[in-house]
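**Q** final.csv is the file, holding CSV, C-alpha atoms:
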chain,number,residue,atom,x,y,z
A,251,MET,CA,-24.4,6.4,11.1
A,252,PHE,CA,-23.2,3.3,9.5
A,253,ARG,CA,-25.5,0.9,7.6
A,254,PRO,CA,-24.4,-2.7,7.0
A,255,ALA,CA,-23.3,-3.7,3.5
A,256,ARG,CA,-25.5,-6.1,1.6
A,257,THR,CA,-23.3,-9.1,0.8
A,258,ARG,CA,-23.5,-11.9,-1.7
A,259,PHE,CA,-21.4,-15.1,-1.7
A,260,ALA,CA,-20.3,-17.4,-4.5
A,261,ALA,CA,-21.6,-20.9,-3.7
A,262,GLY,CA,-19.1,-23.0,-1.8
A,263,ALA,CA,-16.5,-20.2,-1.8
A,264,VAL,CA,-16.5,-19.1,1.8
A,265,ALA,CA,-14.6,-22.0,3.2
A,266,ALA,CA,-12.0,-21.8,0.4
A,267,PHE,CA,-11.6,-18.1,1.0
A,268,ALA,CA,-10.8,-18.7,4.7
A,269,VAL,CA,-7.9,-21.0,3.7
A,270,VAL,CA,-6.5,-18.5,1.2
A,271,ALA,CA,-6.8,-15.6,3.7
A,272,LEU,CA,-4.8,-17.6,6.3
A,273,ALA,CA,-2.2,-18.5,3.7
A,274,GLY,CA,-1.8,-14.8,3.0
A,275,CYS,CA,-0.3,-14.2,6.4
A,276,ALA,CA,3.4,-14.8,6.6
A,277,THR,CA,3.6,-16.0,10.2
A,278,PRO,CA,1.1,-16.6,13.1
A,279,ALA,CA,0.5,-13.5,15.2
A,280,PRO,CA,2.1,-13.5,18.6
A,281,SER,CA,0.0,-12.8,21.6
A,282,ALA,CA,0.4,-9.5,23.4
A,283,SER,CA,2.2,-11.3,26.3
A,284,GLY,CA,4.3,-13.5,24.1
A,285,ASP,CA,2.5,-16.5,25.5
A,286,PRO,CA,1.3,-18.9,22.8
A,287,ASP,CA,-1.5,-20.0,25.1
A,288,ALA,CA,-2.8,-16.5,25.8
A,289,SER,CA,-6.5,-15.7,25.7
A,290,ALA,CA,-8.5,-16.3,22.5
A,291,GLU,CA,-8.8,-12.6,21.8
A,292,HIS,CA,-5.2,-12.7,20.5
A,293,GLN,CA,-5.7,-15.9,18.4
A,294,HIS,CA,-6.8,-14.1,15.3
A,295,GLU,CA,-3.9,-14.7,12.9
A,296,GLY,CA,-6.2,-16.1,10.2
A,297,ASP,CA,-8.6,-13.1,10.2
A,298,THR,CA,-8.5,-10.1,7.9
A,299,ARG,CA,-10.2,-6.8,7.8
A,300,VAL,CA,-10.8,-4.4,4.9
A,301,ALA,CA,-10.7,-0.7,5.9
A,302,VAL,CA,-12.3,1.5,3.2
A,303,SER,CA,-12.2,5.3,3.2
A,304,PHE,CA,-15.2,7.4,2.0
A,305,ASP,CA,-16.3,11.0,2.2
A,306,GLY,CA,-17.1,11.2,5.9
A,307,GLY,CA,-15.2,8.3,7.5
A,308,ILE,CA,-13.9,4.8,7.4
A,309,LEU,CA,-15.9,1.6,6.9
A,310,VAL,CA,-14.4,-1.7,8.1
A,311,LEU,CA,-15.4,-5.0,6.5
A,312,ASP,CA,-14.7,-8.6,7.4
A,313,GLY,CA,-12.0,-9.8,5.0
A,314,GLU,CA,-13.7,-13.1,4.4
A,315,THR,CA,-17.3,-12.3,4.0
A,316,LEU,CA,-17.1,-8.5,3.2
A,317,GLU,CA,-19.8,-7.9,5.7
A,318,THR,CA,-19.6,-4.6,7.6
A,319,VAL,CA,-17.9,-5.0,11.0
A,320,GLY,CA,-18.2,-1.3,11.9
A,321,GLY,CA,-17.0,2.2,11.0
A,322,VAL,CA,-15.9,5.5,12.3
A,323,GLU,CA,-16.8,9.1,11.2
A,324,ARG,CA,-14.3,11.7,10.4
A,325,ASP,CA,-14.4,14.7,8.0
A,326,GLY,CA,-11.9,15.6,5.3
A,327,PHE,CA,-10.0,13.6,2.8
A,328,LEU,CA,-8.8,10.4,4.5
A,329,ARG,CA,-6.1,8.0,3.5
A,330,VAL,CA,-5.6,4.5,5.0
A,331,ASN,CA,-2.4,2.6,5.5
A,332,SER,CA,-1.7,-0.8,7.0
A,333,ALA,CA,0.1,-0.5,10.4
A,334,GLY,CA,1.7,-3.8,9.8
A,335,ASP,CA,1.2,-4.9,13.4
A,336,HIS,CA,0.0,-8.2,14.8
A,337,ASP,CA,-3.4,-6.8,15.7
A,338,GLY,CA,-4.3,-5.4,12.3
A,339,HIS,CA,-4.5,-1.7,13.1
A,340,VAL,CA,-4.8,0.9,10.4
A,341,PHE,CA,-3.2,4.4,10.2
A,342,VAL,CA,-5.7,6.9,9.0
A,343,THR,CA,-4.0,10.1,7.7
A,344,ALA,CA,-6.1,13.2,8.2
A,345,GLU,CA,-5.4,17.0,8.2
A,346,ASP,CA,-4.0,16.9,11.7
A,347,GLY,CA,-1.9,13.8,11.6
A,348,PHE,CA,-1.8,10.0,11.8
A,349,HIS,CA,-4.7,8.4,13.7
A,350,VAL,CA,-4.6,4.8,14.8
A,351,LEU,CA,-7.7,2.8,14.0
A,352,GLY,CA,-8.5,-0.5,15.6
A,353,THR,CA,-10.3,-2.8,13.1
A,354,GLY,CA,-11.7,-5.1,15.8
A,355,LEU,CA,-9.3,-8.0,15.3
A,356,ALA,CA,-8.0,-7.7,18.8
A,357,SER,CA,-10.6,-5.8,20.7
A,358,GLY,CA,-13.7,-6.7,18.9
A,359,GLU,CA,-14.5,-3.0,18.4
A,360,VAL,CA,-13.9,-0.7,15.4
A,361,GLU,CA,-12.7,2.5,16.9
A,362,PHE,CA,-9.9,5.1,17.0
A,363,THR,CA,-7.6,4.1,19.8
A,364,GLY,CA,-6.9,7.7,20.8
A,365,GLU,CA,-3.3,7.6,19.6
A,366,VAL,CA,-2.6,10.5,17.3
A,367,PHE,CA,0.8,11.3,15.8
A,368,ASP,CA,0.4,15.0,15.2
A,369,ALA,CA,1.6,16.2,11.8
A,370,ILE,CA,1.6,19.4,9.7
A,371,ALA,CA,1.0,17.2,6.6
A,372,ALA,CA,0.8,13.5,7.3
A,373,GLY,CA,2.5,11.5,4.6
A,374,HIS,CA,3.9,8.0,4.1
A,375,VAL,CA,3.6,5.2,6.6
A,376,VAL,CA,6.3,2.5,6.2
A,377,PRO,CA,6.4,-0.6,8.5
A,378,HIS,CA,9.4,-2.8,8.0
A,379,ALA,CA,11.4,-5.3,10.0
A,380,GLY,CA,9.3,-4.7,13.2
A,381,ARG,CA,9.7,-0.9,13.0
A,382,THR,CA,7.4,1.8,11.5
A,383,ALA,CA,8.4,5.1,10.1
A,384,LEU,CA,6.0,8.0,9.7
A,385,PHE,CA,7.0,11.0,7.5
A,386,ASP,CA,5.6,14.5,8.1
A,387,ASP,CA,5.7,16.3,4.7
A,388,GLY,CA,5.1,19.6,6.4
A,389,THR,CA,8.3,19.4,8.5
A,390,GLY,CA,10.4,16.6,7.1
A,391,GLU,CA,10.4,15.0,10.5
A,392,VAL,CA,10.6,11.2,10.7
A,393,ARG,CA,9.2,9.3,13.7
A,394,ILE,CA,10.1,5.7,14.2
A,395,PHE,CA,8.8,3.2,16.7
A,396,ASP,CA,8.3,-0.5,17.3
A,397,THR,CA,5.4,-1.6,15.0
A,398,ASP,CA,3.6,-3.7,17.6
A,399,ASP,CA,3.7,-0.9,20.3
A,400,ILE,CA,0.6,0.8,18.9
A,401,GLY,CA,-3.0,0.1,19.9
A,402,GLY,CA,-2.8,0.5,23.6
A,403,GLY,CA,-4.2,4.1,23.7
A,404,THR,CA,-0.9,5.9,24.4
A,405,LEU,CA,1.9,6.8,22.0
A,406,PRO,CA,4.8,4.4,21.9
A,407,GLU,CA,8.4,5.3,22.6
A,408,ILE,CA,9.5,7.3,19.5
A,409,ASP,CA,12.9,8.0,17.8
A,410,THR,CA,12.8,11.2,15.8
A,411,LEU,CA,15.0,12.1,12.8
A,412,SER,CA,15.1,15.4,10.9
A,413,SER,CA,15.3,16.1,7.2
A,414,GLU,CA,17.3,18.9,5.7
A,415,ALA,CA,14.1,20.5,4.6
A,416,ALA,CA,10.4,19.8,4.6
A,417,HIS,CA,9.2,17.9,1.5
A,418,HIS,CA,6.9,15.1,0.3
A,419,GLY,CA,9.1,12.3,1.4
A,420,VAL,CA,9.5,8.8,2.8
A,421,ALA,CA,11.7,6.9,5.2
A,422,ILE,CA,12.3,3.3,6.1
A,423,GLU,CA,14.3,1.8,9.0
A,424,LEU,CA,16.4,-1.2,8.0
A,425,SER,CA,16.9,-4.3,10.1
A,426,ASP,CA,20.4,-3.1,11.2
A,427,GLY,CA,18.8,0.1,12.7
A,428,THR,CA,20.0,2.5,10.0
A,429,VAL,CA,17.5,4.5,8.1
A,430,LEU,CA,16.9,5.5,4.4
A,431,SER,CA,15.3,9.0,4.2
A,432,THR,CA,14.6,11.1,1.1
A,433,ILE,CA,16.2,14.4,0.2
A,434,GLY,CA,14.1,17.3,-1.0
A,435,THR,CA,12.5,20.7,-0.5
A,436,PRO,CA,8.9,21.8,-0.9
A,437,ASP,CA,9.7,22.4,-4.6
A,438,THR,CA,12.0,19.5,-5.6
A,439,ARG,CA,13.3,16.1,-4.6
A,440,SER,CA,16.7,14.7,-5.5
A,441,GLY,CA,17.6,11.5,-3.7
A,442,VAL,CA,18.1,9.5,-0.6
A,443,ARG,CA,20.3,9.7,2.6
A,444,HIS,CA,21.5,6.7,4.5
A,445,LEU,CA,21.5,7.6,8.2
A,446,ALA,CA,22.8,6.0,11.3
A,447,ALA,CA,20.3,5.4,14.2
A,448,ASP,CA,21.4,8.7,15.7
A,449,GLY,CA,20.6,10.6,12.5
A,450,SER,CA,24.2,11.2,11.4
A,451,GLU,CA,24.7,10.7,7.7
A,452,LEU,CA,26.5,7.7,6.4
A,453,SER,CA,26.1,8.3,2.7
A,454,ARG,CA,23.8,9.8,0.1
A,455,ASN,CA,22.8,9.5,-3.5
A,456,GLU,CA,21.3,12.5,-5.4
A,457,GLN,CA,20.7,10.8,-8.7
A,458,CYS,CA,17.0,10.2,-8.2
A,459,PRO,CA,15.0,13.3,-9.2
A,460,SER,CA,11.4,13.4,-8.0
A,461,VAL,CA,12.1,10.4,-5.7
A,462,HIS,CA,8.8,8.8,-4.7
A,463,GLY,CA,7.6,5.3,-3.6
A,464,GLU,CA,9.6,2.7,-1.8
A,465,GLY,CA,9.6,-1.1,-1.4
A,466,ALA,CA,11.6,-3.8,0.4
A,467,LEU,CA,12.5,-6.9,-1.6
A,468,LYS,CA,14.1,-10.2,-0.9
A,469,GLY,CA,17.4,-9.9,0.9
A,470,GLU,CA,16.3,-6.4,2.2
A,471,VAL,CA,17.1,-4.7,-1.2
A,472,ILE,CA,15.2,-1.4,-1.1
A,473,MET,CA,13.9,0.2,-4.3
A,474,LEU,CA,12.8,3.8,-4.7
A,475,GLY,CA,11.3,5.4,-7.8
A,476,CYS,CA,12.8,8.3,-9.8
A,477,GLU,CA,11.6,10.2,-12.8
A,478,ASP,CA,14.4,8.7,-14.8
A,479,GLY,CA,14.6,5.2,-13.5
A,480,VAL,CA,14.9,3.7,-10.0
A,481,LEU,CA,17.4,3.8,-7.1
A,482,LEU,CA,18.4,0.6,-5.3
A,483,PHE,CA,20.0,0.2,-1.9
A,484,ALA,CA,21.6,-3.0,-0.7
A,485,ASP,CA,24.5,-4.0,1.6
A,486,GLY,CA,25.2,-0.3,2.4
A,487,ALA,CA,25.5,0.9,-1.2
A,488,PHE,CA,23.3,2.7,-3.7
A,489,THR,CA,22.8,1.6,-7.4
A,490,LYS,CA,21.0,3.8,-9.9
A,491,LEU,CA,19.2,2.0,-12.8
A,492,ASP,CA,18.3,4.3,-15.7
A,493,ALA,CA,15.0,4.2,-17.5
A,494,PRO,CA,15.2,3.5,-21.2
A,495,ASP,CA,13.4,6.8,-21.9
A,496,GLU,CA,14.7,10.3,-21.2
A,497,PHE,CA,11.7,10.7,-18.9
A,498,GLY,CA,10.7,7.4,-17.4
A,499,ARG,CA,9.0,7.9,-14.1
A,500,THR,CA,8.4,5.3,-11.5
A,501,GLY,CA,6.5,6.6,-8.5
A,502,ASN,CA,5.2,3.4,-6.8
A,503,ALA,CA,6.8,0.1,-6.0
A,504,TYR,CA,4.9,-3.2,-5.9
A,505,VAL,CA,7.2,-5.7,-4.2
A,506,THR,CA,7.3,-8.8,-2.0
A,507,GLU,CA,9.9,-9.9,0.4
A,508,THR,CA,10.1,-13.3,-1.3
A,509,SER,CA,11.1,-12.1,-4.7
A,510,SER,CA,14.1,-10.2,-6.0
A,511,VAL,CA,11.9,-8.7,-8.8
A,512,ALA,CA,10.2,-5.4,-8.2
A,513,VAL,CA,7.4,-3.9,-10.3
A,514,GLY,CA,6.8,-0.2,-10.7
A,515,ASP,CA,4.3,1.9,-12.5
A,516,TYR,CA,5.9,3.7,-15.5
A,517,LYS,CA,5.2,7.0,-17.2
A,518,SER,CA,7.2,8.0,-20.3
A,519,ASP,CA,5.3,11.2,-21.3
A,520,PRO,CA,5.7,14.1,-18.9
A,521,ASP,CA,2.9,16.0,-20.6
A,522,GLN,CA,0.4,13.1,-20.5
A,523,GLU,CA,-3.0,14.1,-19.1
A,524,GLY,CA,-4.9,11.9,-16.7
A,525,TYR,CA,-3.7,9.1,-14.6
A,526,LEU,CA,-4.0,6.0,-16.8
A,527,LEU,CA,-0.8,4.2,-17.7
A,528,SER,CA,-0.1,1.4,-20.1
A,529,GLU,CA,3.4,0.3,-19.2
A,530,LEU,CA,5.1,-1.4,-16.2
A,531,ALA,CA,8.7,-1.2,-15.1
A,532,ILE,CA,10.2,-4.6,-14.2
A,533,VAL,CA,13.3,-4.4,-12.0
A,534,ASP,CA,15.5,-7.4,-11.5
A,535,THR,CA,17.6,-6.5,-8.4
A,536,LYS,CA,19.8,-9.6,-8.8
A,537,ALA,CA,20.9,-8.5,-12.3
A,538,ASN,CA,20.6,-4.8,-11.6
A,539,ALA,CA,18.4,-4.5,-14.7
A,540,LEU,CA,15.3,-2.4,-15.5
A,541,SER,CA,13.1,-3.2,-18.4
A,542,VAL,CA,9.7,-1.7,-19.5
A,543,VAL,CA,6.8,-3.9,-20.5
A,544,GLU,CA,3.9,-2.7,-22.6
A,545,LEU,CA,0.5,-4.1,-21.5
A,546,PRO,CA,-1.8,-5.5,-24.1
A,547,GLU,CA,-3.4,-3.0,-26.5
A,548,GLY,CA,-6.1,-1.0,-24.7
A,549,VAL,CA,-5.1,-2.1,-21.2
A,550,GLU,CA,-4.5,0.9,-18.9
A,551,TYR,CA,-4.3,1.2,-15.1
A,552,THR,CA,-3.6,3.7,-12.3
A,553,TRP,CA,-1.2,3.4,-9.4
A,554,ARG,CA,-4.1,1.9,-7.4
A,555,GLY,CA,-4.4,-1.0,-9.8
A,556,VAL,CA,-1.3,-3.1,-9.3
A,557,GLY,CA,-0.5,-5.8,-6.8
A,558,ARG,CA,1.5,-9.0,-6.2
A,559,ASP,CA,-0.1,-12.4,-5.3
A,560,GLY,CA,1.1,-15.1,-3.0
A,561,HIS,CA,3.2,-16.6,-5.8
A,562,ASP,CA,4.9,-13.2,-6.6
A,563,ASN,CA,2.9,-12.9,-9.8
A,564,ILE,CA,1.8,-9.4,-10.9
A,565,VAL,CA,-1.9,-8.5,-10.8
A,566,VAL,CA,-3.2,-5.5,-12.8
A,567,LEU,CA,-6.7,-4.0,-12.7
A,568,GLY,CA,-7.4,-2.5,-16.1
A,569,ALA,CA,-9.7,0.4,-16.8
A,570,ASP,CA,-11.5,-2.0,-19.1
A,571,GLY,CA,-12.8,-3.6,-15.9
A,572,SER,CA,-10.6,-6.7,-16.2
A,573,LEU,CA,-8.0,-8.3,-13.9
A,574,TYR,CA,-4.8,-9.4,-15.6
A,575,LEU,CA,-2.4,-12.0,-14.1
A,576,LEU,CA,1.2,-11.6,-15.3
A,577,ASP,CA,4.3,-13.5,-14.4
A,578,GLU,CA,7.5,-11.7,-13.3
A,579,THR,CA,8.6,-11.1,-16.9
A,580,GLY,CA,5.4,-9.1,-17.5
A,581,ALA,CA,3.8,-11.8,-19.7
A,582,VAL,CA,0.1,-12.1,-19.4
A,583,GLN,CA,-1.0,-15.5,-18.0
A,584,ASP,CA,-4.7,-15.0,-17.6
A,585,SER,CA,-7.4,-12.3,-17.5
A,586,TRP,CA,-11.0,-12.0,-16.2
A,587,SER,CA,-13.7,-9.3,-16.6
A,588,VAL,CA,-14.7,-8.3,-13.0
A,589,ILE,CA,-16.2,-4.8,-13.1
A,590,GLU,CA,-17.6,-2.3,-15.5
A,591,PRO,CA,-15.1,-0.2,-17.6
A,592,TRP,CA,-14.1,3.1,-16.1
A,593,GLU,CA,-12.2,6.3,-17.0
A,594,SER,CA,-9.3,8.1,-15.4
A,595,PRO,CA,-10.2,10.4,-12.5
A,596,LYS,CA,-9.7,14.1,-13.1
A,597,GLU,CA,-7.9,14.5,-9.7
A,598,TRP,CA,-6.0,11.7,-8.0
A,599,GLN,CA,-8.0,12.0,-4.8
A,600,GLN,CA,-11.3,11.2,-6.6
A,601,PRO,CA,-12.7,7.7,-6.1
A,602,HIS,CA,-11.9,5.3,-8.8
A,603,PRO,CA,-11.4,1.5,-8.8
A,604,GLY,CA,-8.6,0.1,-6.7
A,605,LEU,CA,-6.9,-3.3,-6.1
A,606,ARG,CA,-5.4,-5.0,-3.1
A,607,VAL,CA,-4.0,-8.5,-3.3
A,608,VAL,CA,-3.7,-10.9,-0.3
A,609,GLY,CA,-2.4,-14.4,-1.1
A,610,ASP,CA,-4.6,-15.6,-4.0
A,611,ILE,CA,-7.5,-13.2,-3.4
A,612,ALA,CA,-7.8,-9.9,-5.2
A,613,TYR,CA,-10.0,-7.2,-3.6
A,614,VAL,CA,-11.4,-4.8,-6.1
A,615,THR,CA,-13.5,-1.7,-5.4
A,616,GLU,CA,-16.1,-0.4,-7.9
A,617,PRO,CA,-17.0,3.2,-6.7
A,618,ALA,CA,-19.5,3.8,-9.5
A,619,ALA,CA,-21.6,0.9,-8.3
A,620,LYS,CA,-20.8,1.3,-4.6
A,621,LYS,CA,-19.4,-2.3,-4.5
A,622,ILE,CA,-16.4,-4.2,-3.4
A,623,HIS,CA,-15.5,-7.6,-4.7
A,624,ALA,CA,-13.2,-10.5,-3.7
A,625,ILE,CA,-11.9,-12.4,-6.7
A,626,ASP,CA,-10.2,-15.9,-6.6
A,627,LEU,CA,-7.0,-15.5,-8.7
A,628,HIS,CA,-7.0,-19.2,-9.5
A,629,THR,CA,-10.3,-19.1,-11.3
A,630,GLY,CA,-11.3,-15.4,-11.7
A,631,GLU,CA,-14.5,-16.1,-10.0
A,632,SER,CA,-16.1,-13.9,-7.4
A,633,VAL,CA,-15.7,-15.2,-3.8
A,634,ALA,CA,-17.8,-12.4,-2.3
A,635,THR,CA,-19.4,-9.1,-3.3
A,636,ALA,CA,-20.7,-6.4,-1.0
A,637,ASP,CA,-23.1,-3.6,-1.9
A,638,LEU,CA,-22.0,-0.6,0.1
A,639,ASP,CA,-24.0,2.4,1.3
A,640,VAL,CA,-21.0,4.7,0.7
A,641,VAL,CA,-18.8,5.4,-2.3
A,642,PRO,CA,-15.5,3.6,-1.6
A,643,ASN,CA,-12.3,5.5,-2.2
A,644,GLU,CA,-8.9,4.2,-0.9
A,645,PHE,CA,-8.8,0.9,1.0
A,646,VAL,CA,-6.3,-1.4,2.7
A,647,VAL,CA,-6.4,-5.1,3.8
A,648,VAL,CA,-4.9,-6.0,7.2
A,649,GLY,CA,-4.6,-9.2,9.1
A,650,GLY,CA,-3.7,-10.7,12.4
A,651,ALA,CA,-0.2,-11.4,11.3
A,652,GLY,CA,0.3,-8.1,9.5
A,653,HIS,CA,0.0,-7.6,5.7
Would you put the structure from the file into structure tokens?
**A**
Amino acid sequence: MFRPARTRFAAGAVAAFAVVALAGCATPAPSASGDPDASAEHQHEGDTRVAVSFDGGILVLDGETLETVGGVERDGFLRVNSAGDHDGHVFVTAEDGFHVLGTGLASGEVEFTGEVFDAIAAGHVVPHAGRTALFDDGTGEVRIFDTDDIGGGTLPEIDTLSSEAAHHGVAIELSDGTVLSTIGTPDTRSGVRHLAADGSELSRNEQCPSVHGEGALKGEVIMLGCEDGVLLFADGAFTKLDAPDEFGRTGNAYVTETSSVAVGDYKSDPDQEGYLLSELAIVDTKANALSVVELPEGVEYTWRGVGRDGHDNIVVLGADGSLYLLDETGAVQDSWSVIEPWESPKEWQQPHPGLRVVGDIAYVTEPAAKKIHAIDLHTGESVATADLDVVPNEFVVVGGAGH
């Protein structure tokens, strides 16, 4: 049973939020028929939804007001991923596979659509260039389909590729139809293969130990993280950029398709306990250069606490409860206290504060207080705050034009 969140708004902020939310969408969403004059149910390109996982289900909030729109129940540890489609669906990964969740942007109802991509161990979801790749860690199988073909209740036409062995991996289809897919086994990961559409191997690079995390940048440069730097792929060729430390792990990429600069989380101590980090990797893909930036003294974050705003700036949610706005060199431009300080989770699955950025709005969860906040990155002021009846864990923001 879902109970509505209790929501508070900053005076005069709702109208401004609507403009920012619309600006966060790259292009207007096409109608299902391709007709720009189609029915109003498809004219939702300015709308956003926030899908929040908790112990027992998914809660869906209106992205502007943070009011509860609806929710679904499901047992087990749930992860949420943007489907990237024009109707704002969410992939919910559960023990039995990838479930498609409608957030109500198109249908008006928050509900599972009935589409389930079965998986032994559902892993990464990567939409890019109109195609989505799902990776099954339990088999190494990659399933790829047209991003906008989900939501109709039946599975879309799927292309399937195989890995050499099952592993915790990721794949992404490029605009030319070729695919990048990781190399690994259940015990180790070593690099990336470049595959033709039929699955035949075009090239590979195995200079990326513990490969994890991918991102597509300006000019379709793809970055993947390694435990000793990052691996870039562009124009059919791989380039390895070494970390300045013998162990310098990047496991998550924070990128935009309008910037050639990528940001990665960075860990230089392999024996470090907990999940708090104090450095960022800055990758200039034009110069093929990787540098490491130390955050201000006392500022630490987890992989859930980094984002990019509508101007390609870097946003970091610190464990001190503050948001930090950095430029692409890693220099701090501003900061605001937004939630209470918090400590590293003992296990990565445990609820702890997270950050998602859409345009110039930063969404921040505060599990200890059962709250979610929307913060204006121009002023640091709260646009909206919702008191939830559940403890928020992971969350994602989706919109009518895809985010």
**Q** When you count all atoms listed in the file, which of these residues is closest to Gly338 in chain A: A:His462, A:Lys620, A:Arg299, A:His628?
**A**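 Counting all atoms listed in the file, the residue closest to Gly338 in chain A is A:Arg299.
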**Q** I need the residue nearest Glu391 in chain A from this list: A:His374, A:His602, A:His561, A:Arg324. Use all atoms listed in the file for the distance.
**A** A:His374
**Q** Could you pull the residues within 9 Å of range 387-389 of chain A, counting all atoms listed in the file, minus those fewer than 4 positions along the same chain, as a list in words?
**A**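 Non-adjacent residues within range: Ala369, Ile370, Ala371, Ala372, Gly373, His374, Ser412, Ser413, Ala415, Ala416, His417, His418, Gly419, Val420 and Pro436 of chain A.
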**Q** So how far away is CA of Ala493 in chain A from CA of Asn455 in chain A, in Å?
**A** 16.9 Å
**Q** Go ahead and find all residues with at least one atom no further than 8 Å from (13.6, 6.8, -14.2) in the file's coordinates, using all atoms listed in the file; report them as a VMD selection string.
**A** chain A and resid 458 475 to 480 491 to 500
**Q** Nearest residue to His623 in chain A out of A:Val640, A:Val366, A:Leu567, A:Val588, using all atoms listed in the file?
**A** A:Val588
**Q** Considering all atoms listed in the file, can you say which of A:Asp519, A:Asp610, A:Glu365, A:Glu470 comes closest to Pro406 in chain A?
**A**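 Of A:Asp519, A:Asp610, A:Glu365, A:Glu470, the one nearest Pro406 in chain A is A:Glu365, counting all atoms listed in the file.
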**Q** Taking 3 positions as the minimum chain separation for residues in the same chain, which residues sit within 9 Å of Ala333 in chain A when counting only C-alpha atoms? Answer as a list in words.
**A** His336, Asp337, Gly338, His339, Val340, Phe341, Val350, Val375, Val376, Pro377, Thr382, Thr397, Asp398, Ile400, Val648, Gly652 and His653 of chain A
**Q** From the list A:Val505, A:Glu644, A:Leu530, A:Leu316, which residue is nearest Ser632 in chain A when using only C-alpha atoms?
**A**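 So, comparing all the options, the nearest one is A:Leu316.
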**Q** Select, counting only C-alpha atoms, all protein, DNA and RNA residues no farther than 12 Å from (-11.0, -7.1, 0.5) in file coordinates, and express the selection as a ChimeraX atom specification.
**A** /A:267,271,297-302,309-318,604-616,621-626,632-636,642,644-649
**Q** Which polymer residues have any atom within 9 Å of an atom of Trp553 in chain A, counting only C-alpha atoms, with same-chain residues fewer than 6 positions away left out, as JSON, numbers by chain?
**A** {"A": [501, 502, 514, 515, 525, 526, 527, 604]}
**Q** Using Å and a single decimal, report how far CA of Val511 in chain A sits from CA of Gly548 in chain A.
**A**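 Spanning CA of Gly548 in chain A to CA of Val511 in chain A is a straight-line distance of 25.2 Å.
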